[in-house]
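Below: final.cif (mmCIF, C-alpha atoms)
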data_start
#
loop_
_atom_site.label_atom_id
_atom_site.label_comp_id
_atom_site.auth_asym_id
_atom_site.auth_seq_id
_atom_site.Cartn_x
_atom_site.Cartn_y
_atom_site.Cartn_z
CA MET A 1 29.57 13.83 0.82
CA SER A 2 27.23 10.94 0.32
CA GLN A 3 26.79 8.55 3.24
CA SER A 4 24.72 5.46 3.80
CA PHE A 5 22.97 4.07 6.90
CA ARG A 6 24.48 0.68 6.38
CA ALA A 7 28.05 1.95 6.04
CA ALA A 8 27.68 4.28 9.05
CA ASP A 9 26.65 1.48 11.42
CA GLY A 10 28.96 1.45 14.44
CA ARG A 11 30.86 4.61 13.44
CA LYS A 12 32.45 6.43 16.40
CA VAL A 13 30.71 9.52 17.75
CA ILE A 14 33.20 11.98 19.24
CA ALA A 15 32.53 15.10 21.30
CA LYS A 16 34.36 18.14 19.98
CA THR A 17 34.83 19.83 23.35
CA THR A 18 36.45 16.87 25.10
CA ALA A 19 37.62 14.72 22.17
CA GLU A 20 36.03 11.78 23.96
CA GLU A 21 34.12 9.04 22.20
CA ILE A 22 30.57 9.26 23.54
CA GLY A 23 29.25 6.22 21.72
CA LYS A 24 28.69 4.64 18.32
CA VAL A 25 26.13 5.21 15.58
CA LYS A 26 23.37 2.69 16.13
CA SER A 27 20.47 3.90 14.05
CA PHE A 28 18.84 6.93 12.45
CA VAL A 29 15.59 8.79 12.92
CA VAL A 30 14.01 9.97 9.67
CA ASP A 31 11.18 12.52 9.37
CA THR A 32 7.70 11.41 8.26
CA THR A 33 8.18 12.70 4.73
CA ALA A 34 11.34 10.60 4.40
CA SER A 35 13.33 13.62 3.26
CA HIS A 36 15.76 14.24 6.14
CA VAL A 37 17.70 12.50 8.86
CA THR A 38 16.46 14.29 11.98
CA ALA A 39 18.59 12.54 14.59
CA ILE A 40 21.22 9.89 15.12
CA GLN A 41 20.75 7.20 17.71
CA ILE A 42 23.85 6.49 19.71
CA GLY A 43 24.54 3.20 21.38
CA GLY A 44 27.28 1.93 23.58
CA ARG A 45 26.71 3.91 26.79
CA GLY A 46 24.45 1.85 28.99
CA GLY A 47 20.96 0.60 28.16
CA LYS A 48 19.06 3.83 27.50
CA ALA A 49 18.59 5.07 23.98
CA GLU A 50 20.18 8.42 23.31
CA LEU A 51 19.75 10.67 20.35
CA VAL A 52 21.73 13.52 18.91
CA ASP A 53 19.75 15.97 16.80
CA TRP A 54 21.09 16.44 13.32
CA ALA A 55 21.48 20.17 14.11
CA ASN A 56 24.07 19.23 16.75
CA VAL A 57 26.17 17.16 14.40
CA ASN A 58 29.24 19.16 13.43
CA ALA A 59 30.54 16.73 10.87
CA PHE A 60 29.49 13.38 9.54
CA GLY A 61 32.79 11.98 8.35
CA ASP A 62 33.79 8.71 6.80
CA ASP A 63 35.56 7.57 9.97
CA ALA A 64 33.81 9.44 12.77
CA VAL A 65 30.87 11.65 13.59
CA ILE A 66 31.82 14.82 15.42
CA VAL A 67 29.25 16.40 17.72
CA GLU A 68 29.54 19.57 19.78
CA GLY A 69 29.76 18.12 23.28
CA ALA A 70 28.80 15.05 25.29
CA ASP A 71 25.78 16.98 26.62
CA VAL A 72 23.98 17.12 23.25
CA ALA A 73 22.81 13.51 23.62
CA ARG A 74 19.19 13.45 24.79
CA ALA A 75 16.35 11.00 25.43
CA PRO A 76 13.95 10.27 22.56
CA ASP A 77 10.41 11.74 22.36
CA GLU A 78 7.30 9.63 21.64
CA ARG A 79 7.65 9.26 17.88
CA GLU A 80 11.37 8.80 18.19
CA LYS A 81 10.81 6.08 20.76
CA GLU A 82 9.01 4.17 18.04
CA ALA A 83 11.93 4.74 15.74
CA VAL A 84 14.35 3.61 18.40
CA LYS A 85 12.28 0.51 19.10
CA GLY A 86 12.34 -0.13 15.39
CA ASP A 87 8.78 0.68 14.35
CA ILE A 88 9.67 3.65 12.19
CA ARG A 89 13.16 2.87 11.16
CA ALA A 90 13.72 3.21 7.47
CA ARG A 91 15.89 0.15 7.02
CA GLY A 92 13.90 -3.03 6.65
CA THR A 93 10.61 -1.17 6.15
CA ARG A 94 8.31 -2.49 3.45
CA VAL A 95 7.98 -0.27 0.41
CA LEU A 96 4.53 0.34 -1.07
CA THR A 97 3.78 2.31 -4.21
CA THR A 98 0.87 4.75 -4.28
CA ALA A 99 -0.81 2.14 -6.52
CA GLY A 100 -0.84 -0.35 -3.65
CA TYR A 101 1.96 -2.68 -4.73
CA ASP A 102 4.61 -4.03 -2.38
CA VAL A 103 7.92 -3.68 -4.20
CA GLY A 104 10.35 -4.87 -1.52
CA LYS A 105 12.07 -3.66 1.60
CA VAL A 106 14.44 -0.77 2.27
CA HIS A 107 17.94 -2.21 2.25
CA ASP A 108 19.88 1.00 2.75
CA VAL A 109 19.38 4.76 2.86
CA MET A 110 21.71 7.23 1.13
CA PHE A 111 21.96 10.71 2.57
CA ASP A 112 24.04 13.83 2.25
CA GLY A 113 26.56 13.85 5.10
CA GLY A 114 26.64 17.64 5.02
CA THR A 115 22.93 18.43 5.24
CA GLY A 116 21.28 15.22 6.40
CA GLU A 117 19.07 15.30 3.33
CA ILE A 118 18.04 11.88 2.08
CA VAL A 119 19.01 11.42 -1.54
CA GLY A 120 17.61 7.94 -2.14
CA MET A 121 16.94 4.51 -0.79
CA MET A 122 18.02 1.10 -1.95
CA VAL A 123 14.96 -1.10 -2.32
CA GLY A 124 16.31 -4.60 -2.35
CA LYS A 125 20.00 -4.69 -3.16
CA LYS A 126 19.80 -3.47 -6.73
CA THR A 127 17.25 -0.70 -7.14
CA LEU A 128 17.92 2.87 -6.05
CA VAL A 129 14.73 4.86 -5.58
CA PRO A 130 15.47 8.61 -5.68
CA ALA A 131 14.18 10.86 -2.92
CA ASP A 132 11.78 12.72 -5.21
CA ARG A 133 9.60 9.59 -5.45
CA MET A 134 9.14 9.31 -1.69
CA ARG A 135 5.86 10.35 -0.12
CA SER A 136 5.95 9.29 3.53
CA LEU A 137 7.46 6.96 6.07
CA GLY A 138 5.24 5.39 8.70
CA SER A 139 5.22 2.39 10.95
CA TYR A 140 3.62 0.27 8.21
CA ALA A 141 5.48 1.29 5.10
CA LEU A 142 7.55 3.70 3.10
CA ILE A 143 5.23 5.07 0.41
CA ILE A 144 6.76 5.88 -2.98
CA ASP A 145 5.12 7.31 -6.09
CA ALA A 146 3.93 4.70 -8.51
CA PRO A 147 5.62 5.13 -11.87
CA THR A 148 3.63 7.19 -14.33
CA GLU A 149 2.58 5.08 -17.27
CA ALA A 150 4.54 5.69 -20.40
CA MET B 151 3.62 -0.32 -20.40
CA ALA B 152 -0.14 -0.20 -20.27
CA VAL B 153 -1.26 -3.33 -18.49
CA LYS B 154 -4.85 -3.25 -17.40
CA ALA B 155 -4.82 -4.17 -13.75
CA LEU B 156 -7.69 -6.50 -13.00
CA MET B 157 -8.48 -8.06 -9.69
CA ARG B 158 -11.12 -10.30 -8.24
CA ALA B 159 -13.23 -8.31 -5.78
CA GLY B 160 -13.02 -11.36 -3.53
CA ASP B 161 -9.26 -10.86 -3.21
CA VAL B 162 -9.63 -7.37 -1.72
CA PRO B 163 -10.95 -8.32 1.76
CA GLY B 164 -8.01 -8.70 4.12
CA LEU B 165 -5.85 -6.09 2.39
CA PRO B 166 -4.58 -3.26 4.60
CA VAL B 167 -5.79 0.30 3.99
CA VAL B 168 -2.68 2.50 3.96
CA CYS B 169 -2.43 6.33 4.05
CA ILE B 170 -0.13 7.87 1.47
CA ASP B 171 0.52 10.92 3.66
CA SER B 172 1.72 8.96 6.70
CA GLY B 173 2.71 5.44 5.70
CA GLU B 174 0.41 4.07 8.40
CA ASP B 175 -2.07 1.21 8.02
CA VAL B 176 -5.36 2.52 9.38
CA ALA B 177 -7.79 -0.29 8.59
CA GLU B 178 -8.29 -3.57 6.85
CA ILE B 179 -10.86 -4.38 4.16
CA ARG B 180 -13.69 -6.44 5.63
CA ASP B 181 -16.09 -6.80 2.74
CA VAL B 182 -17.05 -5.38 -0.63
CA ILE B 183 -20.07 -3.09 -0.96
CA TYR B 184 -21.43 -3.94 -4.36
CA ASP B 185 -24.71 -2.95 -5.96
CA GLY B 186 -25.74 -5.88 -8.13
CA ALA B 187 -28.68 -4.09 -9.73
CA GLU B 188 -26.40 -1.28 -10.98
CA HIS B 189 -23.31 -3.49 -11.40
CA LYS B 190 -21.51 -0.84 -9.41
CA LEU B 191 -18.75 -1.11 -6.83
CA HIS B 192 -19.54 1.36 -4.04
CA GLY B 193 -16.74 0.72 -1.59
CA PHE B 194 -15.70 -1.42 1.31
CA THR B 195 -16.61 -2.09 4.90
CA LEU B 196 -13.64 -2.15 7.25
CA ASN B 197 -12.09 -3.96 10.16
CA LYS B 198 -9.61 -2.57 12.60
CA ARG B 199 -6.06 -3.70 12.05
CA GLY B 200 -4.67 -6.59 13.96
CA LEU B 201 -5.59 -10.10 14.88
CA LEU B 202 -9.03 -10.40 16.49
CA ALA B 203 -9.61 -6.66 16.10
CA GLY B 204 -13.27 -5.85 15.58
CA ARG B 205 -15.27 -4.06 12.96
CA LEU B 206 -14.56 -0.42 12.23
CA LYS B 207 -17.55 1.95 12.23
CA GLN B 208 -16.25 3.72 9.16
CA VAL B 209 -16.48 2.66 5.52
CA LEU B 210 -14.29 3.41 2.54
CA LEU B 211 -16.20 4.76 -0.45
CA ILE B 212 -14.75 3.90 -3.82
CA GLU B 213 -14.33 7.55 -4.84
CA ASN B 214 -11.99 8.01 -1.87
CA CYS B 215 -9.69 5.14 -2.86
CA THR B 216 -6.53 6.36 -4.52
CA ALA B 217 -5.62 2.88 -5.71
CA ILE B 218 -6.28 -0.78 -5.14
CA GLY B 219 -3.12 -2.80 -5.50
CA ALA B 220 -2.26 -6.43 -5.02
CA ASP B 221 -0.84 -5.65 -1.57
CA ALA B 222 -2.78 -2.67 -0.23
CA VAL B 223 -5.68 -0.30 -0.74
CA MET B 224 -4.28 3.22 -0.80
CA ILE B 225 -5.99 6.38 0.47
CA ASN B 226 -4.54 9.87 0.67
CA THR B 227 -5.22 10.47 4.34
CA VAL B 228 -7.16 8.95 7.22
CA ALA B 229 -9.88 11.60 6.68
CA ASN B 230 -10.82 9.70 3.50
CA LEU B 231 -12.68 7.14 5.61
CA THR B 232 -16.40 7.93 5.91
CA ALA B 233 -18.60 7.42 8.98
CA GLN B 234 -21.23 4.79 8.24
CA GLU B 235 -24.11 7.19 9.01
CA GLU B 236 -22.81 9.64 6.43
CA ALA B 237 -22.45 6.97 3.79
CA GLY B 238 -26.20 6.30 4.12
CA ASP B 239 -27.90 4.13 1.53
CA VAL B 240 -24.68 3.08 -0.09
CA VAL B 241 -23.82 0.77 2.79
CA SER B 242 -27.20 -0.95 2.81
CA PRO B 243 -28.83 -0.39 -0.59
CA LYS B 244 -32.63 -0.64 -0.54
CA ASN B 245 -32.75 -2.73 -3.70
CA ALA B 246 -30.04 -5.14 -2.69
CA VAL B 247 -29.72 -8.03 -5.14
CA HIS B 248 -27.58 -11.08 -4.62
CA VAL B 249 -25.01 -11.43 -7.34
CA ILE B 250 -22.96 -14.44 -6.38
CA GLY B 251 -24.80 -17.61 -7.32
CA ASN B 252 -26.89 -16.07 -10.09
CA ARG B 253 -27.24 -18.22 -13.18
CA VAL B 254 -25.96 -16.45 -16.26
CA MET B 255 -28.28 -16.84 -19.24
CA SER B 256 -27.62 -15.53 -22.69
CA ALA B 257 -30.54 -13.87 -24.46
CA ASN B 258 -30.65 -16.77 -26.91
CA GLY B 259 -31.30 -19.15 -24.06
CA SER B 260 -27.98 -20.80 -23.38
CA ASP B 261 -26.75 -21.30 -19.84
CA LEU B 262 -23.29 -19.78 -19.45
CA GLY B 263 -22.69 -20.81 -15.84
CA GLU B 264 -23.01 -19.44 -12.35
CA ILE B 265 -21.52 -16.19 -11.04
CA ILE B 266 -18.75 -16.94 -8.55
CA GLY B 267 -17.09 -13.55 -8.38
CA VAL B 268 -16.82 -9.94 -9.47
CA VAL B 269 -13.78 -8.67 -11.38
CA ILE B 270 -12.68 -5.09 -10.77
CA GLU B 271 -10.40 -2.87 -12.74
CA THR B 272 -7.99 -1.04 -10.48
CA ASP B 273 -6.46 1.50 -12.87
CA GLY B 274 -7.76 5.00 -12.29
CA GLU B 275 -11.04 4.99 -10.41
CA PRO B 276 -11.68 1.38 -9.45
CA SER B 277 -14.85 -0.09 -10.95
CA ALA B 278 -16.47 -3.44 -11.59
CA VAL B 279 -15.74 -4.64 -15.11
CA GLY B 280 -16.81 -8.25 -15.21
CA TYR B 281 -18.19 -11.36 -13.61
CA GLU B 282 -16.35 -14.59 -13.13
CA VAL B 283 -18.58 -17.52 -14.03
CA LYS B 284 -18.26 -21.25 -13.72
CA LYS B 285 -20.24 -24.02 -15.32
CA ALA B 286 -21.25 -26.88 -13.09
CA ASP B 287 -19.65 -29.45 -15.38
CA SER B 288 -16.38 -27.56 -15.85
CA LYS B 289 -13.42 -26.71 -13.66
CA GLU B 290 -12.61 -23.71 -15.77
CA THR B 291 -13.86 -20.27 -14.91
CA ARG B 292 -14.58 -17.62 -17.52
CA PHE B 293 -14.95 -13.88 -17.47
CA ILE B 294 -17.93 -11.94 -18.75
CA PRO B 295 -17.60 -8.21 -19.27
CA ILE B 296 -20.26 -6.07 -17.59
CA THR B 297 -22.51 -4.12 -19.92
CA GLU B 298 -25.50 -1.91 -19.30
CA GLN B 299 -27.64 -4.34 -21.24
CA MET B 300 -27.48 -6.93 -18.48
CA THR B 301 -30.53 -7.64 -16.34
CA ILE B 302 -30.25 -9.27 -12.95
CA SER B 303 -33.01 -10.74 -10.83
CA GLY B 304 -31.20 -12.30 -7.90
CA GLU B 305 -31.59 -15.70 -9.54
CA ASN B 306 -30.61 -15.04 -13.11
CA LEU B 307 -28.36 -12.65 -14.93
CA LEU B 308 -29.55 -12.21 -18.49
CA VAL B 309 -26.83 -11.11 -20.88
CA PRO B 310 -27.10 -10.04 -24.54
CA ALA B 311 -26.23 -12.78 -27.03
CA GLU B 312 -23.69 -10.46 -28.72
CA LEU B 313 -21.61 -10.64 -25.58
CA GLU B 314 -20.76 -14.31 -25.98
CA PRO B 315 -17.71 -13.83 -28.23
CA PHE B 316 -16.20 -11.53 -25.61
CA ILE B 317 -16.26 -14.08 -22.85
CA THR B 318 -12.69 -15.09 -22.07
CA ASN B 319 -11.03 -17.71 -19.95
CA ASP B 320 -7.77 -15.80 -19.83
CA LEU B 321 -7.04 -16.22 -16.16
CA ALA B 322 -3.33 -16.91 -16.72
CA GLY B 323 -2.90 -13.51 -18.32
CA PHE B 324 -4.26 -11.95 -15.18
CA GLY B 325 -1.56 -13.35 -12.90
CA ALA B 326 1.20 -12.59 -15.36
CA SER B 327 0.09 -9.02 -15.77
CA VAL B 328 0.19 -8.48 -12.01
CA ALA B 329 3.77 -9.79 -11.91
CA THR B 330 4.89 -7.65 -14.83
CA TYR B 331 3.16 -4.66 -13.34
CA ARG B 332 4.87 -5.21 -10.02
CA SER B 333 8.40 -5.34 -11.42
CA GLY B 334 7.60 -2.42 -13.72
CA GLN B 335 6.55 -0.39 -10.71
CA LEU B 336 9.86 -0.93 -8.99
CA ARG B 337 11.88 -0.13 -12.07
CA GLY B 338 9.94 3.08 -12.48
CA GLU B 339 8.53 2.30 -15.91
#

Write the structure described by the file as structure tokens, please.
Amino acid sequence: MSQSFRAADGRKVIAKTTAEEIGKVKSFVVDTTASHVTAIQIGGRGGKAELVDWANVNAFGDDAVIVEGADVARAPDEREKEAVKGDIRARGTRVLTTAGYDVGKVHDVMFDGGTGEIVGMMVGKKTLVPADRMRSLGSYALIIDAPTEA
Amino acid sequence: MAVKALMRAGDVPGLPVVCIDSGEDVAEIRDVIYDGAEHKLHGFTLNKRGLLAGRLKQVLLIENCTAIGADAVMINTVANLTAQEEAGDVVSPKNAVHVIGNRVMSANGSDLGEIIGVVIETDGEPSAVGYEVKKADSKETRFIPITEQMTISGENLLVPAELEPFITNDLAGFGASVATYRSGQLRGE
């Protein structure tokens, strides 16, 4: 089931063991190759950032995200802290081609709700860049393959 | 779409140097290392990133550049930067010749103007392809392709007379081609 970062903003996160809402989806952590969602940032429970690893997500549904228990939420590590602070978040990141051209900013990220695999990113509001063109995601930019000349 | 991407070497300083493998900006172009006698672009000296950040002790040799774009100079990985000691003569060539300010003379004796810049081609391996020249009595700049038959002294650049028909003033085409290239890149053409 295809999901998007933008649409998932604020979605309820519910613990399976207690059926309690433990927070809301605030942001996502993406690996450096921009191929997978590695964790979900949860907001709504005090000031500290909390993450749930993708492996602990039981289901990413259209109306709620089900996780195993309330205890799966954890504090971010160093790289994730940057993501949480916003340095390595995919949305809003500038997009550079391997040829050195700035082609816009990431507007939204599409991913597979079952596997967490990123299927593509919207650059601007109109252009979908498929995942196979992505090279890396860093604090400066998302790097995508420059088109091969026809 | 085969648009030749040309750029003024003078527009490269200030661009970030970005790693393709990490998406991080690791340096900023400080200056161009250009060998006037050979008409060859060797690479770039670097600054650290950030306001008021100082000079970086490493240089970027042209063979390690993956691409030079309008918005960034791309390298594969941070290991592509070279320590200045290892770069050796390239950084401070023994036969350094000033290029900017040379008077361009055609072999038949006509003054074609003064060199105000170097034009580089950024497709494939980046290289110097021309000089931008300006006549004292004209606002217009023109572009002279680089050939092996040129001789430079530090005061004058002597060019073959046959080159004159190939001198263009097509600066507008340059800007347009960058714009077309940019949108083509996004569309994946």

Considering only C-alpha atoms, can you say which of A:Val25, A:Ala19, A:Ala34, A:Val65 comes closest to A:Glu117?
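Selected residue with least distance to A:Glu117: A:Ala34.
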
Compute the chain A side of the contact with chain B at 9 Å, counting only C-alpha atoms, and hand it back as number ranges by chain.
A: 32-33, 96-104, 123, 127, 129, 135-144, 146-150

So that I have them on file, write out the residues from the current selection with C-alpha atoms, as a PDB file, in the coordinates of the input.
ATOM      1  CA  THR A  32       7.700  11.410   8.260  1.00  0.00           C
ATOM      2  CA  THR A  33       8.180  12.700   4.730  1.00  0.00           C
ATOM      3  CA  LEU A  96       4.530   0.340  -1.070  1.00  0.00           C
ATOM      4  CA  THR A  97       3.780   2.310  -4.210  1.00  0.00           C
ATOM      5  CA  THR A  98       0.870   4.750  -4.280  1.00  0.00           C
ATOM      6  CA  ALA A  99      -0.810   2.140  -6.520  1.00  0.00           C
ATOM      7  CA  GLY A 100      -0.840  -0.350  -3.650  1.00  0.00           C
ATOM      8  CA  TYR A 101       1.960  -2.680  -4.730  1.00  0.00           C
ATOM      9  CA  ASP A 102       4.610  -4.030  -2.380  1.00  0.00           C
ATOM     10  CA  VAL A 103       7.920  -3.680  -4.200  1.00  0.00           C
ATOM     11  CA  GLY A 104      10.350  -4.870  -1.520  1.00  0.00           C
ATOM     12  CA  VAL A 123      14.960  -1.100  -2.320  1.00  0.00           C
ATOM     13  CA  THR A 127      17.250  -0.700  -7.140  1.00  0.00           C
ATOM     14  CA  VAL A 129      14.730   4.860  -5.580  1.00  0.00           C
ATOM     15  CA  ARG A 135       5.860  10.350  -0.120  1.00  0.00           C
ATOM     16  CA  SER A 136       5.950   9.290   3.530  1.00  0.00           C
ATOM     17  CA  LEU A 137       7.460   6.960   6.070  1.00  0.00           C
ATOM     18  CA  GLY A 138       5.240   5.390   8.700  1.00  0.00           C
ATOM     19  CA  SER A 139       5.220   2.390  10.950  1.00  0.00           C
ATOM     20  CA  TYR A 140       3.620   0.270   8.210  1.00  0.00           C
ATOM     21  CA  ALA A 141       5.480   1.290   5.100  1.00  0.00           C
ATOM     22  CA  LEU A 142       7.550   3.700   3.100  1.00  0.00           C
ATOM     23  CA  ILE A 143       5.230   5.070   0.410  1.00  0.00           C
ATOM     24  CA  ILE A 144       6.760   5.880  -2.980  1.00  0.00           C
ATOM     25  CA  ALA A 146       3.930   4.700  -8.510  1.00  0.00           C
ATOM     26  CA  PRO A 147       5.620   5.130 -11.870  1.00  0.00           C
ATOM     27  CA  THR A 148       3.630   7.190 -14.330  1.00  0.00           C
ATOM     28  CA  GLU A 149       2.580   5.080 -17.270  1.00  0.00           C
ATOM     29  CA  ALA A 150       4.540   5.690 -20.400  1.00  0.00           C
TER      30      ALA A 150
END

Name all residues at most 10 Å from A:Phe28 (count only C-alpha atoms; drop same-chain ones fewer than 2 positions away) and give them as number ranges by chain.
A: 5, 8-9, 25-26, 30-31, 37-42, 51-52, 54, 80, 83-84, 88-91, 109

Check what the PyMOL selection byres ((chain A and resi 7) around 12) selects in the file above and give those residues as a PyMOL selection string.
chain A and resi 2-6+8-11+25-27+61-64+107-111

Residue nearest A:Ile118 among A:Pro76, A:Pro130, A:Gly23, A:Gly69 (counting only C-alpha atoms):
A:Pro130

Which of these, B:Met255, B:Leu201, B:Ile183, B:Val279, has the shortest distance to B:Asp239 once you count only C-alpha atoms?
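Looking at the shortest contact to B:Asp239, the residue is B:Ile183.
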
How many Å separate atom CA of B:Arg205 from atom CA of B:Ala155?
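Taking atom CA of B:Arg205 and atom CA of B:Ala155, their separation equals 28.7 Å.
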
Atom CA of B:Leu262 and atom CA of B:Ser303 are how many Å apart?
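About the pair atom CA of B:Leu262 and atom CA of B:Ser303: they are 15.8 Å apart.
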
Report, in Å with one decimal, the straight-line distance from atom CA of B:Ile317 to atom CA of B:Lys289.
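So the answer is 15.9 Å.
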
The PyMOL selection byres ((chain B and resi 163) around 7) - which residues does that actually catch in the file I just gave you? List them as a list of chain:residue names.
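Expected selection for the PyMOL selection byres ((chain B and resi 163) around 7) here is B:Gly160, B:Asp161, B:Val162, B:Gly164, B:Leu165, B:Ile179, B:Arg180, B:Asp181.
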
With C-alpha atoms retained, could you export that selection as a CSV table (one decimal), keeping the file's coordinate frame?
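Contents of again.csv, freshly written:
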chain,number,residue,atom,x,y,z
B,160,GLY,CA,-13.0,-11.4,-3.5
B,161,ASP,CA,-9.3,-10.9,-3.2
B,162,VAL,CA,-9.6,-7.4,-1.7
B,164,GLY,CA,-8.0,-8.7,4.1
B,165,LEU,CA,-5.8,-6.1,2.4
B,179,ILE,CA,-10.9,-4.4,4.2
B,180,ARG,CA,-13.7,-6.4,5.6
B,181,ASP,CA,-16.1,-6.8,2.7

So that all listed atoms of stretch 253-260 of chain B fit with 5 Å spare on each side, what axis-aligned box centre and edge lengths in Å, to one decimal, would you give as AutoDock Vina command-line options?
--center_x -28.6 --center_y -17.3 --center_z -20.0 --size_x 15.3 --size_y 16.9 --size_z 23.7

Please list as a list in words every residue within 8 Å of A:Asn58, counting only C-alpha atoms and excluding residues in the same chain fewer than 4 positions away.
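The residues satisfying every condition are Val65, Ile66, Val67 and Glu68 of chain A.
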
Hits from the PyMOL selection byres ((chain B and resi 293) around 10), listed as number ranges by chain
B: 265, 267-269, 279-284, 291-292, 294-296, 316-321

Taking (-13.1, 1.6, -6.5) in the file's own coordinates, collect the residues within 9 Å, counting all atoms listed in the file, and hand them back as a PyMOL selection string.
chain B and resi 191-194+211-218+270-272+274-278

Dump of C-alpha atoms for the selected residues, as a PDB file, in the frame of the given file:
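Dumped everything to part_19.pdb:
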ATOM      1  CA  LEU B 191     -18.750  -1.110  -6.830  1.00  0.00           C
ATOM      2  CA  HIS B 192     -19.540   1.360  -4.040  1.00  0.00           C
ATOM      3  CA  GLY B 193     -16.740   0.720  -1.590  1.00  0.00           C
ATOM      4  CA  PHE B 194     -15.700  -1.420   1.310  1.00  0.00           C
ATOM      5  CA  LEU B 211     -16.200   4.760  -0.450  1.00  0.00           C
ATOM      6  CA  ILE B 212     -14.750   3.900  -3.820  1.00  0.00           C
ATOM      7  CA  GLU B 213     -14.330   7.550  -4.840  1.00  0.00           C
ATOM      8  CA  ASN B 214     -11.990   8.010  -1.870  1.00  0.00           C
ATOM      9  CA  CYS B 215      -9.690   5.140  -2.860  1.00  0.00           C
ATOM     10  CA  THR B 216      -6.530   6.360  -4.520  1.00  0.00           C
ATOM     11  CA  ALA B 217      -5.620   2.880  -5.710  1.00  0.00           C
ATOM     12  CA  ILE B 218      -6.280  -0.780  -5.140  1.00  0.00           C
ATOM     13  CA  ILE B 270     -12.680  -5.090 -10.770  1.00  0.00           C
ATOM     14  CA  GLU B 271     -10.400  -2.870 -12.740  1.00  0.00           C
ATOM     15  CA  THR B 272      -7.990  -1.040 -10.480  1.00  0.00           C
ATOM     16  CA  GLY B 274      -7.760   5.000 -12.290  1.00  0.00           C
ATOM     17  CA  GLU B 275     -11.040   4.990 -10.410  1.00  0.00           C
ATOM     18  CA  PRO B 276     -11.680   1.380  -9.450  1.00  0.00           C
ATOM     19  CA  SER B 277     -14.850  -0.090 -10.950  1.00  0.00           C
ATOM     20  CA  ALA B 278     -16.470  -3.440 -11.590  1.00  0.00           C
TER      21      ALA B 278
END

Considering only C-alpha atoms, return as a PyMOL selection string whatever protein or nucleic-acid residues lie within 9 Å of A:Glu20, sequence-local ones (same chain, fewer than 4 positions apart) excluded.
chain A and resi 13-16+69-70

Would you pull stretch 51-61 of chain A out of the block just shown and save N, CA, C and O atoms as a JSON list (two decimals), in the first residue's frame?
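Done, and the output landed in decode34.json:
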[["chain", "number", "residue", "atom", "x", "y", "z"],
["A", 51, "LEU", "N", 11.58, 7.93, 18.67],
["A", 51, "LEU", "CA", 11.54, 7.24, 17.39],
["A", 51, "LEU", "C", 11.04, 5.81, 17.58],
["A", 51, "LEU", "O", 11.27, 5.20, 18.61],
["A", 52, "VAL", "N", 10.39, 5.32, 16.54],
["A", 52, "VAL", "CA", 10.05, 3.91, 16.50],
["A", 52, "VAL", "C", 10.72, 3.34, 15.26],
["A", 52, "VAL", "O", 10.50, 3.84, 14.15],
["A", 53, "ASP", "N", 11.56, 2.33, 15.45],
["A", 53, "ASP", "CA", 12.21, 1.70, 14.30],
["A", 53, "ASP", "C", 11.17, 1.10, 13.38],
["A", 53, "ASP", "O", 10.14, 0.58, 13.84],
["A", 54, "TRP", "N", 11.47, 1.13, 12.09],
["A", 54, "TRP", "CA", 10.53, 0.58, 11.12],
["A", 54, "TRP", "C", 10.23, -0.89, 11.43],
["A", 54, "TRP", "O", 9.11, -1.37, 11.26],
["A", 55, "ALA", "N", 11.25, -1.60, 11.94],
["A", 55, "ALA", "CA", 11.08, -3.03, 12.25],
["A", 55, "ALA", "C", 10.02, -3.25, 13.32],
["A", 55, "ALA", "O", 9.42, -4.33, 13.40],
["A", 56, "ASN", "N", 9.76, -2.24, 14.14],
["A", 56, "ASN", "CA", 8.75, -2.37, 15.19],
["A", 56, "ASN", "C", 7.37, -1.86, 14.80],
["A", 56, "ASN", "O", 6.48, -1.78, 15.63],
["A", 57, "VAL", "N", 7.25, -1.49, 13.54],
["A", 57, "VAL", "CA", 5.94, -1.05, 13.07],
["A", 57, "VAL", "C", 5.18, -2.28, 12.57],
["A", 57, "VAL", "O", 5.63, -2.97, 11.66],
["A", 58, "ASN", "N", 4.06, -2.56, 13.18],
["A", 58, "ASN", "CA", 3.28, -3.73, 12.76],
["A", 58, "ASN", "C", 2.47, -3.45, 11.50],
["A", 58, "ASN", "O", 2.36, -4.30, 10.62],
["A", 59, "ALA", "N", 1.90, -2.28, 11.45],
["A", 59, "ALA", "CA", 1.12, -1.92, 10.26],
["A", 59, "ALA", "C", 1.11, -0.42, 10.08],
["A", 59, "ALA", "O", 0.98, 0.33, 11.05],
["A", 60, "PHE", "N", 1.29, -0.01, 8.83],
["A", 60, "PHE", "CA", 1.20, 1.41, 8.53],
["A", 60, "PHE", "C", -0.08, 1.59, 7.74],
["A", 60, "PHE", "O", -0.13, 1.40, 6.53],
["A", 61, "GLY", "N", -1.15, 1.89, 8.45],
["A", 61, "GLY", "CA", -2.45, 1.96, 7.79],
["A", 61, "GLY", "C", -2.81, 3.36, 7.36],
["A", 61, "GLY", "O", -2.10, 4.32, 7.67]]
